[in-house]
There are 2 protein chains.
Amino acid sequence: MLSIDKQDDTYLYRQVIDLIGENIDTGTLRPGDRLPSLRKMSQSAGVSIPTVRQAYIELERQRRIESRPQSGFYVRHRAINPIVSPAPSSDGQPVCLNCRPLMERVYEGINNPNLVPLGIANPCMAKPAAKNLHRSMKRIMSRAEERSLGYASTLGEPSLRRQIAYHYLDTAGVQAQPDHIAITNGGQEALLIALSAVASTGDVIAVETPTYHGMLELIDGLGMLAVEVETCPEEGVVLDELRRTLEAYPVKACMFSTTLSNPLGVTMPERDRRRLVQILEEFDTVLIEDDVYGDLRFDGYRPIPAQFLGDHARIITCGSFSKTAAPGYRVGWAYSPHFIEDIRRLKRAFSCSSGFLQQLTLADFLASGDYARHLKMLRPELQRNAERMAALIGEHFPSETRTSKPVGGSVLWLELPENVNAEELFDDAIAAGISVAPGQIFSPANRYDNFVRLSFGHPWSDKTDDAVRWLGRRVSELAKA
Amino acid sequence: MLSIDKQDDTYLYRQVIDLIGENIDTGTLRPGDRLPSLRKMSQSAGVSIPTVRQAYIELERQRRIESRPQSGFYVRHRAINPIVSPAPSSDGQPVCLNCRPLMERVYEGINNPNLVPLGIANPCMAKPAAKNLHRSMKRIMSRAEERSLGYASTLGEPSLRRQIAYHYLDTAGVQAQPDHIAITNGGQEALLIALSAVASTGDVIAVETPTYHGMLELIDGLGMLAVEVETCPEEGVVLDELRRTLEAYPVKACMFSTTLSNPLGVTMPERDRRRLVQILEEFDTVLIEDDVYGDLRFDGYRPIPAQFLGDHARIITCGSFSKTAAPGYRVGWAYSPHFIEDIRRLKRAFSCSSGFLQQLTLADFLASGDYARHLKMLRPELQRNAERMAALIGEHFPSETRTSKPVGGSVLWLELPENVNAEELFDDAIAAGISVAPGQIFSPANRYDNFVRLSFGHPWSDKTDDAVRWLGRRVSELAKA
């Protein structure tokens, strides 16, 4: 244990440098953490303020810490990885899902509460709003005691639909009709209903590559085929590739995530969204827009869903509170003026209605302003976690490792050295008490053999540090084998 | 207003008879209500006990009240309707659903909280267990504060699945494995997943006639065809008819309600269940068994699901807490040792998992014994409501009206005079502030033009009385028109 020893020959400022350095090396101070102020450090170390300043300036010169104007000194994110490669162009054939057994094992990992949860995308659990949500729920329980046990209406509680419409207006400046919103059992059921409304068994559905595994399981579950469209890690779907795909195959619908795609974390620029809508209108193809991460950009900017850009009516936008507030409430929605009648009919046929008490609770949570406040606290927490994880990966993974640069959400997408098999890493990680999401499940054709998705959407702890370090070591070993 | 007048020439006991009779006629005392005890009546009317006894005996002789041993005197259910006719043999062609627009309007009625709710089957709301459920939920919220916001596992909370398995053992004496139970978003999602696991677009599904409209919308929503199998109002599905249907068509699955079918309220005898299972095994046809009313027989007897009778593995049993405890919780389940892997995969693909807080709450509610106690109070309440409604129908509907004789659940199925169109009655009722379920929606071929389903699953009130009386008058008018 280091401490300042005034009898020591070493300059005092050097001892301060060693003290801070040691704290960084052992992980007590993590990348992104704020260092104690000059005054505070001077008091606790028993040295003068100029001595501390001298030490901090030297640490900054060494690029171990950085100063931020009017804020103080912060531990620097040391290693910056190169960004992941653009998704390789697919061979273009629509295919069935090809990784059912692996998917099963991934979910066993996700469902096991004893593992370090790097396998599931669950952003809001980084800073759960439990207290405020419970307060809203208790309020509803006493206000609507017996009524809250009953059925919600098919489309869902009107006050919640009004709040969702208001939220669109407030954050993206767009106008959504509450009557065109159908509340669903989470975003996944919104995708199910959207897809069932526009396509049938045997139809071809276009997806981004890599794409959210839940979309692939859904397409598979409905007996449809998936065709992958190339993406680039800065701007998402490559539109010229999309055009080629639409020319080559009878694509019934595209299922794209326009904001903070999963796993890449990329947001399609507005100009591209507009072009996307034009292309789909031209081909008369439906867009199912997965917008469940729309509220979770670190910078708080809320991109406008493609739904509201242009004149193409055949768009269904799917949202959810699962990523932003309460996964277990199972409250999402599908929004589509054009398809709302079909959506209502299918919602009723598939599950009657969604949980009523949770809908009333969320309506209260939004109306009170708690939701907006919660997002304001959640985003910087996620950003801190993202930076910590990126820094740890830079430090502990082989140098060839490339990572995505998410601008929000809760996952990093890693391209590992070419000879590392993510399924093997997954198995080893499970045995070591860590769940991860291997690249194979993000493509219907198992294309991402040497990719892995890591989640930072949980309260950061020493276990997280240890888990990422362990993964780095294991990847290095596998790379050398 | 009548009261006892001792100056009056009329015998005092005659005055007591008139007083009680007037109270029955105006509905202050309803069929099934207990009369004041001899002592109480003697005190309140200011006459002797023998006088009251003489009056009660005369009322009993007039068959207006009845004595029940060790309990007292009760208002008698006056009119007993003939039972509904057996469902007519269908012309046998599998068909698509043919009443989408009417179904829409029925649900508008169901979703309108300002109408007298005779249109929705919602038994537990006759005596909601709000206090105890809320107590369980608050307990969970403090015990698992942040965890309760998170995702449940795909199959659902293990403690709830154990409680469901225990409940099967405790009530029906059968052994169910918790790991073969998948928690779903209510019984409707259980039916969706079951049907998706065993059949695809274009397949033929056999249903009882009349059958639950939600099954028909589901079959329609998945692009399948329904073929109706004749039922009899005492024993349900006519098995010889079923055999003929299976011989005539490539039926992929049968969706039958073995206990308290909806709308007939009939329970298939155990001997028939066993034969049903044998026939389906012989034809290698799947049974999707809708068992959501299994706990709601008035006599408390819990019939054994067909799942547990015989050796046919290809059975999926669907249960729910929506009819017995909390519709708005959206917690049901699918049970099938044979199909559990497919069920798990589809549950994940369709909606990830079900509401976690409600699952934890229900597990607590069952484990505490509250659920069993709640059922014990709910059943007699439902029976009383059933008797009241049957009596009112006998009194106010045309004498040709026939009604089902449900042994549980919350609905009566009425066969109206032949020239009465239920859709017309439905429209008139909505305009008068009453929602009902017209017969047309219980058959894919709109066969039940002159039938209507009335629900008694809500707290009985003067509004219920008035609504049933109004319906009786309106049916009489329509019959004469």
# chains A, B, ... in the order shown; residues from 1 in each chain; ligands from 1
>>> interface_residues(of="chain A", to="chain B", cutoff="6 Å", atoms="only C-alpha atoms", output="PyMOL selection string")
chain A and resi 111+130+146+149-151+153+188-189+192+217-218+326-330+349-351+355-356
>>> write_last_selection(atoms="C-alpha atoms", output="PDB file, in the first residue's frame")
ATOM      1  CA  ASN A 111     -31.566 -16.480 -17.714  1.00  0.00           C
ATOM      2  CA  ALA A 130     -37.211   1.321  -8.982  1.00  0.00           C
ATOM      3  CA  GLU A 146     -60.071  -3.208  -8.184  1.00  0.00           C
ATOM      4  CA  LEU A 149     -56.732  -5.882 -11.811  1.00  0.00           C
ATOM      5  CA  GLY A 150     -58.974  -5.854 -14.869  1.00  0.00           C
ATOM      6  CA  TYR A 151     -58.331  -6.006 -18.592  1.00  0.00           C
ATOM      7  CA  SER A 153     -58.478  -2.250 -23.713  1.00  0.00           C
ATOM      8  CA  GLN A 188     -40.766  -8.016 -29.163  1.00  0.00           C
ATOM      9  CA  GLU A 189     -44.525  -8.480 -29.398  1.00  0.00           C
ATOM     10  CA  LEU A 192     -44.347  -9.972 -33.929  1.00  0.00           C
ATOM     11  CA  GLU A 217     -35.796 -15.841 -34.006  1.00  0.00           C
ATOM     12  CA  LEU A 218     -39.052 -14.060 -34.790  1.00  0.00           C
ATOM     13  CA  ALA A 326     -38.644  -1.595 -16.803  1.00  0.00           C
ATOM     14  CA  PRO A 327     -37.907  -4.713 -18.884  1.00  0.00           C
ATOM     15  CA  GLY A 328     -40.111  -6.865 -16.672  1.00  0.00           C
ATOM     16  CA  TYR A 329     -43.201  -4.686 -17.189  1.00  0.00           C
ATOM     17  CA  ARG A 330     -43.459  -5.927 -20.792  1.00  0.00           C
ATOM     18  CA  ALA A 349     -55.955 -12.459 -31.476  1.00  0.00           C
ATOM     19  CA  PHE A 350     -52.451 -12.961 -30.086  1.00  0.00           C
ATOM     20  CA  SER A 351     -52.760 -11.785 -26.477  1.00  0.00           C
ATOM     21  CA  GLY A 355     -50.698  -5.663 -18.561  1.00  0.00           C
ATOM     22  CA  PHE A 356     -52.996  -2.966 -17.204  1.00  0.00           C
TER      23      PHE A 356
END
>>> residues_around(residues="region 418-431 of chain B", least_positions_apart="3", cutoff="10 Å", atoms="only C-alpha atoms", output="PyMOL selection string")
chain B and resi 102+105-106+108-109+112+115-116+119+400-401+415+434-441+448-453+467+470-471+474-481
>>> write_last_selection(atoms="C-alpha atoms", output="compact mmCIF listing (two decimals), in the first residue's frame")
# COMPACT_ATOMS: atom_id res chain seq x y z
CA LEU B 102 -68.88 -7.39 -35.99
CA ARG B 105 -67.79 -3.64 -32.70
CA VAL B 106 -68.18 -6.24 -29.97
CA GLU B 108 -65.52 -1.62 -28.82
CA GLY B 109 -68.39 -2.49 -26.48
CA ASN B 112 -66.10 0.79 -23.13
CA LEU B 115 -71.50 0.06 -20.48
CA VAL B 116 -73.04 -2.62 -18.25
CA GLY B 119 -70.35 -8.93 -23.01
CA GLU B 400 -89.35 -19.82 -26.08
CA THR B 401 -85.95 -18.59 -24.86
CA GLU B 415 -81.08 -19.32 -27.65
CA ILE B 434 -75.33 -2.53 -22.29
CA SER B 435 -72.65 -4.70 -23.89
CA VAL B 436 -73.53 -8.28 -24.85
CA ALA B 437 -71.79 -10.90 -27.00
CA PRO B 438 -73.91 -11.75 -30.07
CA GLY B 439 -74.01 -15.42 -31.15
CA GLN B 440 -72.47 -14.76 -34.56
CA ILE B 441 -68.95 -14.34 -33.17
CA TYR B 448 -75.67 -18.47 -34.12
CA ASP B 449 -77.81 -15.66 -35.46
CA ASN B 450 -80.41 -15.98 -32.72
CA PHE B 451 -78.06 -16.67 -29.80
CA VAL B 452 -76.48 -14.32 -27.32
CA ARG B 453 -73.96 -14.79 -24.51
CA ALA B 467 -79.97 -4.45 -18.03
CA TRP B 470 -84.24 -4.34 -20.64
CA LEU B 471 -82.78 -7.10 -22.80
CA ARG B 474 -86.15 -5.83 -26.29
CA VAL B 475 -85.97 -9.51 -27.27
CA SER B 476 -89.75 -9.77 -26.85
CA GLU B 477 -90.22 -6.76 -29.12
CA LEU B 478 -87.83 -8.12 -31.73
CA ALA B 479 -89.56 -11.52 -31.58
CA LYS B 480 -92.90 -9.91 -32.34
CA ALA B 481 -91.63 -7.66 -35.12
>>> atom_distance(atom1="CA of Asp370 (chain A)", atom2="CA of Thr171 (chain A)")
14.8 Å
>>> residues_around(residues="Glu395 (chain A)", least_positions_apart="2", cutoff="12 Å", atoms="only C-alpha atoms", output="number ranges by chain")
A: 25, 27, 31, 77-81, 388-393, 397-401, 465, 468-473, 476
>>> residues_around(residues="Val411 (chain A)", least_positions_apart="5", cutoff="12 Å", atoms="only C-alpha atoms", output="MDAnalysis selection string")
chainID A and resid 117:123 126 212 260:266 293 296 323 382:383 385:387 389:390 403:406 436:437 452:458
>>> write_last_selection(atoms="N, CA and C atoms", output="compact mmCIF listing (two decimals), in the first residue's frame")
# COMPACT_ATOMS: atom_id res chain seq x y z
N PRO A 117 -23.64 -10.46 -16.04
CA PRO A 117 -24.56 -10.37 -17.19
C PRO A 117 -24.04 -9.51 -18.33
N LEU A 118 -23.01 -9.99 -19.04
CA LEU A 118 -22.53 -9.23 -20.20
C LEU A 118 -23.22 -9.69 -21.48
N GLY A 119 -24.20 -10.60 -21.34
CA GLY A 119 -24.82 -11.18 -22.52
C GLY A 119 -26.14 -10.55 -22.93
N ILE A 120 -26.73 -9.75 -22.05
CA ILE A 120 -28.08 -9.25 -22.33
C ILE A 120 -28.08 -7.73 -22.46
N ALA A 121 -28.83 -7.22 -23.44
CA ALA A 121 -28.94 -5.77 -23.63
C ALA A 121 -30.05 -5.24 -22.74
N ASN A 122 -29.68 -4.58 -21.68
CA ASN A 122 -30.65 -4.25 -20.64
C ASN A 122 -30.30 -2.89 -20.04
N PRO A 123 -30.24 -1.84 -20.88
CA PRO A 123 -29.64 -0.57 -20.47
C PRO A 123 -30.17 0.00 -19.16
N ALA A 126 -28.73 -0.35 -15.61
CA ALA A 126 -27.51 0.32 -15.17
C ALA A 126 -27.82 1.29 -14.04
N TYR A 212 -30.11 -7.79 -34.48
CA TYR A 212 -30.62 -8.27 -33.20
C TYR A 212 -31.15 -9.71 -33.35
N LEU A 260 -29.43 3.59 -32.96
CA LEU A 260 -28.71 2.71 -32.03
C LEU A 260 -29.03 1.24 -32.30
N SER A 261 -28.68 0.82 -33.50
CA SER A 261 -28.93 -0.57 -33.88
C SER A 261 -28.23 -1.50 -32.89
N ASN A 262 -28.74 -2.69 -32.84
CA ASN A 262 -28.20 -3.71 -31.94
C ASN A 262 -27.69 -4.84 -32.82
N PRO A 263 -26.42 -5.21 -32.79
CA PRO A 263 -25.40 -4.87 -31.80
C PRO A 263 -24.49 -3.70 -32.16
N LEU A 264 -24.59 -3.10 -33.36
CA LEU A 264 -23.57 -2.13 -33.78
C LEU A 264 -23.65 -0.79 -33.05
N GLY A 265 -24.84 -0.42 -32.58
CA GLY A 265 -24.97 0.86 -31.88
C GLY A 265 -24.89 2.04 -32.83
N VAL A 266 -25.22 1.83 -34.10
CA VAL A 266 -25.08 2.89 -35.08
C VAL A 266 -26.43 3.59 -35.29
N TYR A 293 -34.33 1.80 -28.85
CA TYR A 293 -33.22 2.49 -28.17
C TYR A 293 -33.23 4.00 -28.42
N LEU A 296 -31.97 6.62 -26.00
CA LEU A 296 -30.76 6.31 -25.22
C LEU A 296 -29.45 6.76 -25.85
N LYS A 323 -36.17 -1.12 -22.59
CA LYS A 323 -34.77 -0.73 -22.60
C LYS A 323 -34.52 0.51 -21.76
N LEU A 382 -24.64 5.27 -18.56
CA LEU A 382 -24.33 4.33 -19.64
C LEU A 382 -23.05 4.74 -20.37
N GLN A 383 -22.90 6.06 -20.57
CA GLN A 383 -21.70 6.52 -21.27
C GLN A 383 -20.44 6.20 -20.47
N ASN A 385 -20.09 3.77 -18.34
CA ASN A 385 -19.87 2.33 -18.45
C ASN A 385 -19.26 1.96 -19.79
N ALA A 386 -19.74 2.62 -20.85
CA ALA A 386 -19.22 2.34 -22.19
C ALA A 386 -17.73 2.66 -22.25
N GLU A 387 -17.39 3.81 -21.67
CA GLU A 387 -15.98 4.22 -21.71
C GLU A 387 -15.10 3.28 -20.89
N MET A 389 -15.67 0.17 -20.25
CA MET A 389 -15.54 -1.13 -20.90
C MET A 389 -14.59 -1.03 -22.08
N ALA A 390 -14.72 0.05 -22.87
CA ALA A 390 -13.84 0.22 -24.02
C ALA A 390 -12.38 0.29 -23.56
N THR A 403 -13.44 -2.61 -31.97
CA THR A 403 -14.73 -2.46 -31.27
C THR A 403 -15.60 -1.42 -31.96
N SER A 404 -16.91 -1.57 -31.77
CA SER A 404 -17.84 -0.55 -32.25
C SER A 404 -17.67 0.70 -31.40
N LYS A 405 -18.15 1.82 -31.92
CA LYS A 405 -18.12 3.09 -31.17
C LYS A 405 -19.55 3.53 -30.94
N PRO A 406 -20.26 2.88 -30.01
CA PRO A 406 -21.68 3.22 -29.85
C PRO A 406 -21.86 4.65 -29.34
N VAL A 436 -21.95 -13.96 -22.20
CA VAL A 436 -21.70 -13.04 -23.30
C VAL A 436 -22.60 -13.45 -24.46
N ALA A 437 -22.68 -12.60 -25.49
CA ALA A 437 -23.50 -12.95 -26.66
C ALA A 437 -22.57 -13.19 -27.85
N VAL A 452 -18.10 -10.82 -30.80
CA VAL A 452 -18.84 -11.03 -29.56
C VAL A 452 -19.47 -9.70 -29.15
N ARG A 453 -20.66 -9.77 -28.56
CA ARG A 453 -21.31 -8.56 -28.07
C ARG A 453 -21.22 -8.56 -26.54
N LEU A 454 -20.72 -7.45 -26.00
CA LEU A 454 -20.65 -7.31 -24.53
C LEU A 454 -21.56 -6.19 -24.09
N SER A 455 -22.29 -6.44 -23.02
CA SER A 455 -23.22 -5.44 -22.52
C SER A 455 -22.62 -4.68 -21.34
N PHE A 456 -22.82 -3.36 -21.33
CA PHE A 456 -22.43 -2.57 -20.15
C PHE A 456 -23.66 -1.98 -19.48
N GLY A 457 -24.82 -2.57 -19.73
CA GLY A 457 -26.07 -2.05 -19.16
C GLY A 457 -26.40 -2.68 -17.83
N HIS A 458 -25.56 -2.46 -16.83
CA HIS A 458 -25.82 -2.96 -15.49
C HIS A 458 -24.97 -2.13 -14.55
>>> select_by_dssp(residues="region 158-349 of chain A", states="alpha helix (DSSP H)", output="MDAnalysis selection string")
chainID A and resid 158:172 186:198 213:221 239:248 270:282 340:349
>>> residues_around(residues="Ser67 (chain A)", least_positions_apart="4", cutoff="10 Å", atoms="only C-alpha atoms", output="PDB file with N, CA and C atoms, in the first residue's frame")
ATOM      1  N   ARG A  34     -13.415  10.778 -11.858  1.00  0.00           N
ATOM      2  CA  ARG A  34     -12.866  12.090 -11.544  1.00  0.00           C
ATOM      3  C   ARG A  34     -11.823  11.926 -10.432  1.00  0.00           C
ATOM      4  N   LEU A  35     -10.666  12.562 -10.577  1.00  0.00           N
ATOM      5  CA  LEU A  35      -9.670  12.527  -9.506  1.00  0.00           C
ATOM      6  C   LEU A  35     -10.092  13.475  -8.382  1.00  0.00           C
ATOM      7  N   TYR A  56      -0.339  16.210 -11.008  1.00  0.00           N
ATOM      8  CA  TYR A  56      -1.436  16.042 -11.965  1.00  0.00           C
ATOM      9  C   TYR A  56      -0.983  16.429 -13.375  1.00  0.00           C
ATOM     10  N   ILE A  57      -0.200  17.549 -13.443  1.00  0.00           N
ATOM     11  CA  ILE A  57       0.253  17.998 -14.764  1.00  0.00           C
ATOM     12  C   ILE A  57       1.162  16.939 -15.390  1.00  0.00           C
ATOM     13  N   GLU A  60      -0.909  14.141 -16.634  1.00  0.00           N
ATOM     14  CA  GLU A  60      -1.595  14.524 -17.860  1.00  0.00           C
ATOM     15  C   GLU A  60      -0.639  14.414 -19.041  1.00  0.00           C
ATOM     16  N   SER A  71     -14.124  21.389 -14.636  1.00  0.00           N
ATOM     17  CA  SER A  71     -14.645  20.162 -14.065  1.00  0.00           C
ATOM     18  C   SER A  71     -13.591  19.441 -13.239  1.00  0.00           C
ATOM     19  N   GLY A  72     -12.367  19.435 -13.717  1.00  0.00           N
ATOM     20  CA  GLY A  72     -11.325  18.783 -12.943  1.00  0.00           C
ATOM     21  C   GLY A  72     -10.537  17.797 -13.776  1.00  0.00           C
ATOM     22  N   PHE A  73      -9.853  16.880 -13.078  1.00  0.00           N
ATOM     23  CA  PHE A  73      -9.016  15.895 -13.760  1.00  0.00           C
ATOM     24  C   PHE A  73      -9.701  14.529 -13.748  1.00  0.00           C
ATOM     25  N   TYR A  74      -9.569  13.810 -14.864  1.00  0.00           N
ATOM     26  CA  TYR A  74     -10.245  12.513 -15.018  1.00  0.00           C
ATOM     27  C   TYR A  74      -9.263  11.466 -15.491  1.00  0.00           C
ATOM     28  N   VAL A  75      -9.497  10.206 -15.052  1.00  0.00           N
ATOM     29  CA  VAL A  75      -8.678   9.110 -15.555  1.00  0.00           C
ATOM     30  C   VAL A  75      -8.990   8.938 -17.035  1.00  0.00           C
ATOM     31  N   ARG A  76      -7.902   8.866 -17.818  1.00  0.00           N
ATOM     32  CA  ARG A  76      -8.059   8.815 -19.265  1.00  0.00           C
ATOM     33  C   ARG A  76      -8.389   7.398 -19.731  1.00  0.00           C
TER      34      ARG A  76
END
>>> residues_around(residues="region 233-247 of chain B", least_positions_apart="4", cutoff="7 Å", atoms="only C-alpha atoms", output="PyMOL selection string")
chain B and resi 84+86+208+229+251+264+266-269+276
>>> write_last_selection(atoms="N, CA and C atoms", output="mmCIF file, in the first residue's frame")
data_model
loop_
_atom_site.group_PDB
_atom_site.id
_atom_site.type_symbol
_atom_site.label_atom_id
_atom_site.label_comp_id
_atom_site.auth_asym_id
_atom_site.auth_seq_id
_atom_site.Cartn_x
_atom_site.Cartn_y
_atom_site.Cartn_z
ATOM 1 N N VAL B 84 -80.594 -25.038 -23.964
ATOM 2 C CA VAL B 84 -80.363 -24.752 -25.387
ATOM 3 C C VAL B 84 -80.281 -26.040 -26.192
ATOM 4 N N PRO B 86 -78.911 -28.792 -28.949
ATOM 5 C CA PRO B 86 -77.561 -29.192 -29.356
ATOM 6 C C PRO B 86 -77.156 -28.376 -30.575
ATOM 7 N N GLU B 208 -64.810 -26.672 -31.244
ATOM 8 C CA GLU B 208 -66.195 -26.949 -30.866
ATOM 9 C C GLU B 208 -67.101 -25.903 -31.499
ATOM 10 N N VAL B 229 -66.940 -28.767 -34.883
ATOM 11 C CA VAL B 229 -67.395 -30.094 -34.486
ATOM 12 C C VAL B 229 -68.599 -29.925 -33.560
ATOM 13 N N VAL B 251 -57.051 -32.563 -40.340
ATOM 14 C CA VAL B 251 -57.044 -31.672 -39.172
ATOM 15 C C VAL B 251 -55.676 -31.731 -38.475
ATOM 16 N N LEU B 264 -70.743 -22.392 -23.859
ATOM 17 C CA LEU B 264 -71.763 -23.336 -23.364
ATOM 18 C C LEU B 264 -71.666 -23.646 -21.869
ATOM 19 N N VAL B 266 -70.074 -26.165 -20.574
ATOM 20 C CA VAL B 266 -70.215 -27.597 -20.394
ATOM 21 C C VAL B 266 -68.865 -28.231 -20.042
ATOM 22 N N THR B 267 -68.903 -29.260 -19.201
ATOM 23 C CA THR B 267 -67.693 -29.990 -18.831
ATOM 24 C C THR B 267 -67.772 -31.394 -19.418
ATOM 25 N N MET B 268 -66.754 -31.756 -20.174
ATOM 26 C CA MET B 268 -66.733 -33.082 -20.786
ATOM 27 C C MET B 268 -66.486 -34.124 -19.704
ATOM 28 N N PRO B 269 -67.338 -35.156 -19.596
ATOM 29 C CA PRO B 269 -67.140 -36.163 -18.552
ATOM 30 C C PRO B 269 -65.798 -36.887 -18.735
ATOM 31 N N LEU B 276 -61.677 -39.137 -26.017
ATOM 32 C CA LEU B 276 -61.142 -38.067 -26.864
ATOM 33 C C LEU B 276 -59.643 -38.274 -27.105
#
>>> residues_around(residues="Ile181 (chain B)", least_positions_apart="5", cutoff="7 Å", atoms="only C-alpha atoms", output="PyMOL selection string")
chain B and resi 161+333-336
>>> select_by_dssp(residues="region 78-267 of chain B", states="strand (DSSP E or B)", output="list in words")
Ile83, Val95, Val116, Pro117, Ile181, Ala182, Ile183, Thr184, Val204, Ile205, Ala206, Val207, Glu208, Leu225, Ala226, Val227, Glu228, Val229, Thr231, Cys232, Gly236, Val237, Val251, Lys252, Ala253, Cys254, Met255 and Phe256 of chain B
>>> write_last_selection(atoms="N, CA and C atoms", output="CSV table (one decimal), in the first residue's frame")
chain,number,residue,atom,x,y,z
B,83,ILE,N,-83.2,-26.1,-21.7
B,83,ILE,CA,-81.8,-26.0,-22.1
B,83,ILE,C,-81.7,-25.7,-23.6
B,95,VAL,N,-63.6,-23.3,-42.8
B,95,VAL,CA,-63.8,-21.9,-43.3
B,95,VAL,C,-62.9,-20.9,-42.6
B,116,VAL,N,-72.9,-1.5,-19.2
B,116,VAL,CA,-73.0,-2.6,-18.3
B,116,VAL,C,-72.4,-3.8,-18.9
B,117,PRO,N,-71.4,-4.4,-18.2
B,117,PRO,CA,-70.5,-5.4,-18.9
B,117,PRO,C,-71.0,-6.8,-19.0
B,181,ILE,N,-43.7,-26.3,-17.9
B,181,ILE,CA,-44.7,-25.2,-17.9
B,181,ILE,C,-44.0,-23.9,-18.4
B,182,ALA,N,-44.6,-23.3,-19.4
B,182,ALA,CA,-44.1,-22.0,-19.8
B,182,ALA,C,-45.1,-20.9,-19.5
B,183,ILE,N,-44.7,-19.9,-18.8
B,183,ILE,CA,-45.6,-18.8,-18.4
B,183,ILE,C,-45.7,-17.9,-19.7
B,184,THR,N,-47.0,-17.5,-19.9
B,184,THR,CA,-47.3,-16.7,-21.1
B,184,THR,C,-48.0,-15.4,-20.7
B,204,VAL,N,-55.8,-26.9,-41.2
B,204,VAL,CA,-57.2,-26.9,-40.7
B,204,VAL,C,-57.2,-27.3,-39.2
B,205,ILE,N,-57.9,-26.5,-38.5
B,205,ILE,CA,-58.0,-26.6,-37.0
B,205,ILE,C,-59.4,-26.9,-36.6
B,206,ALA,N,-59.7,-28.0,-35.8
B,206,ALA,CA,-61.0,-28.3,-35.4
B,206,ALA,C,-61.4,-27.6,-34.1
B,207,VAL,N,-62.6,-27.0,-34.1
B,207,VAL,CA,-63.0,-26.3,-32.8
B,207,VAL,C,-64.4,-26.8,-32.5
B,208,GLU,N,-64.8,-26.7,-31.2
B,208,GLU,CA,-66.2,-26.9,-30.9
B,208,GLU,C,-67.1,-25.9,-31.5
B,225,LEU,N,-57.5,-22.4,-41.1
B,225,LEU,CA,-59.0,-22.5,-41.3
B,225,LEU,C,-59.6,-23.3,-40.1
B,226,ALA,N,-60.8,-23.0,-39.8
B,226,ALA,CA,-61.5,-23.7,-38.7
B,226,ALA,C,-62.6,-24.6,-39.2
B,227,VAL,N,-62.7,-25.8,-38.7
B,227,VAL,CA,-63.8,-26.7,-39.0
B,227,VAL,C,-64.5,-26.9,-37.6
B,228,GLU,N,-65.8,-26.8,-37.7
B,228,GLU,CA,-66.6,-26.9,-36.4
B,228,GLU,C,-67.0,-28.4,-36.2
B,229,VAL,N,-66.9,-28.8,-34.9
B,229,VAL,CA,-67.4,-30.1,-34.5
B,229,VAL,C,-68.6,-29.9,-33.6
B,231,THR,N,-71.4,-30.1,-30.8
B,231,THR,CA,-71.4,-30.3,-29.3
B,231,THR,C,-72.8,-30.6,-28.8
B,232,CYS,N,-72.9,-31.2,-27.7
B,232,CYS,CA,-74.2,-31.3,-27.0
B,232,CYS,C,-74.1,-30.5,-25.7
B,236,GLY,N,-70.6,-31.7,-24.1
B,236,GLY,CA,-69.6,-31.1,-24.9
B,236,GLY,C,-69.4,-31.8,-26.3
B,237,VAL,N,-68.2,-31.8,-26.8
B,237,VAL,CA,-67.9,-32.4,-28.1
B,237,VAL,C,-68.5,-33.7,-28.3
B,251,VAL,N,-57.1,-32.6,-40.3
B,251,VAL,CA,-57.0,-31.7,-39.2
B,251,VAL,C,-55.7,-31.7,-38.5
B,252,LYS,N,-55.0,-30.6,-38.3
B,252,LYS,CA,-53.7,-30.5,-37.7
B,252,LYS,C,-53.8,-30.5,-36.2
B,253,ALA,N,-54.8,-29.9,-35.7
B,253,ALA,CA,-55.0,-29.8,-34.2
B,253,ALA,C,-56.4,-29.5,-33.9
B,254,CYS,N,-56.8,-30.0,-32.7
B,254,CYS,CA,-58.1,-29.7,-32.2
B,254,CYS,C,-57.9,-28.7,-31.0
B,255,MET,N,-58.7,-27.6,-31.0
B,255,MET,CA,-58.7,-26.7,-29.9
B,255,MET,C,-60.0,-26.8,-29.2
B,256,PHE,N,-60.0,-27.5,-28.1
B,256,PHE,CA,-61.2,-27.8,-27.3
B,256,PHE,C,-61.0,-27.3,-25.9
>>> closest_residue(among="B:Glu157, B:Asp311, B:Glu22, B:Asp295", to="Ile279 (chain B)", atoms="only C-alpha atoms")
B:Asp311
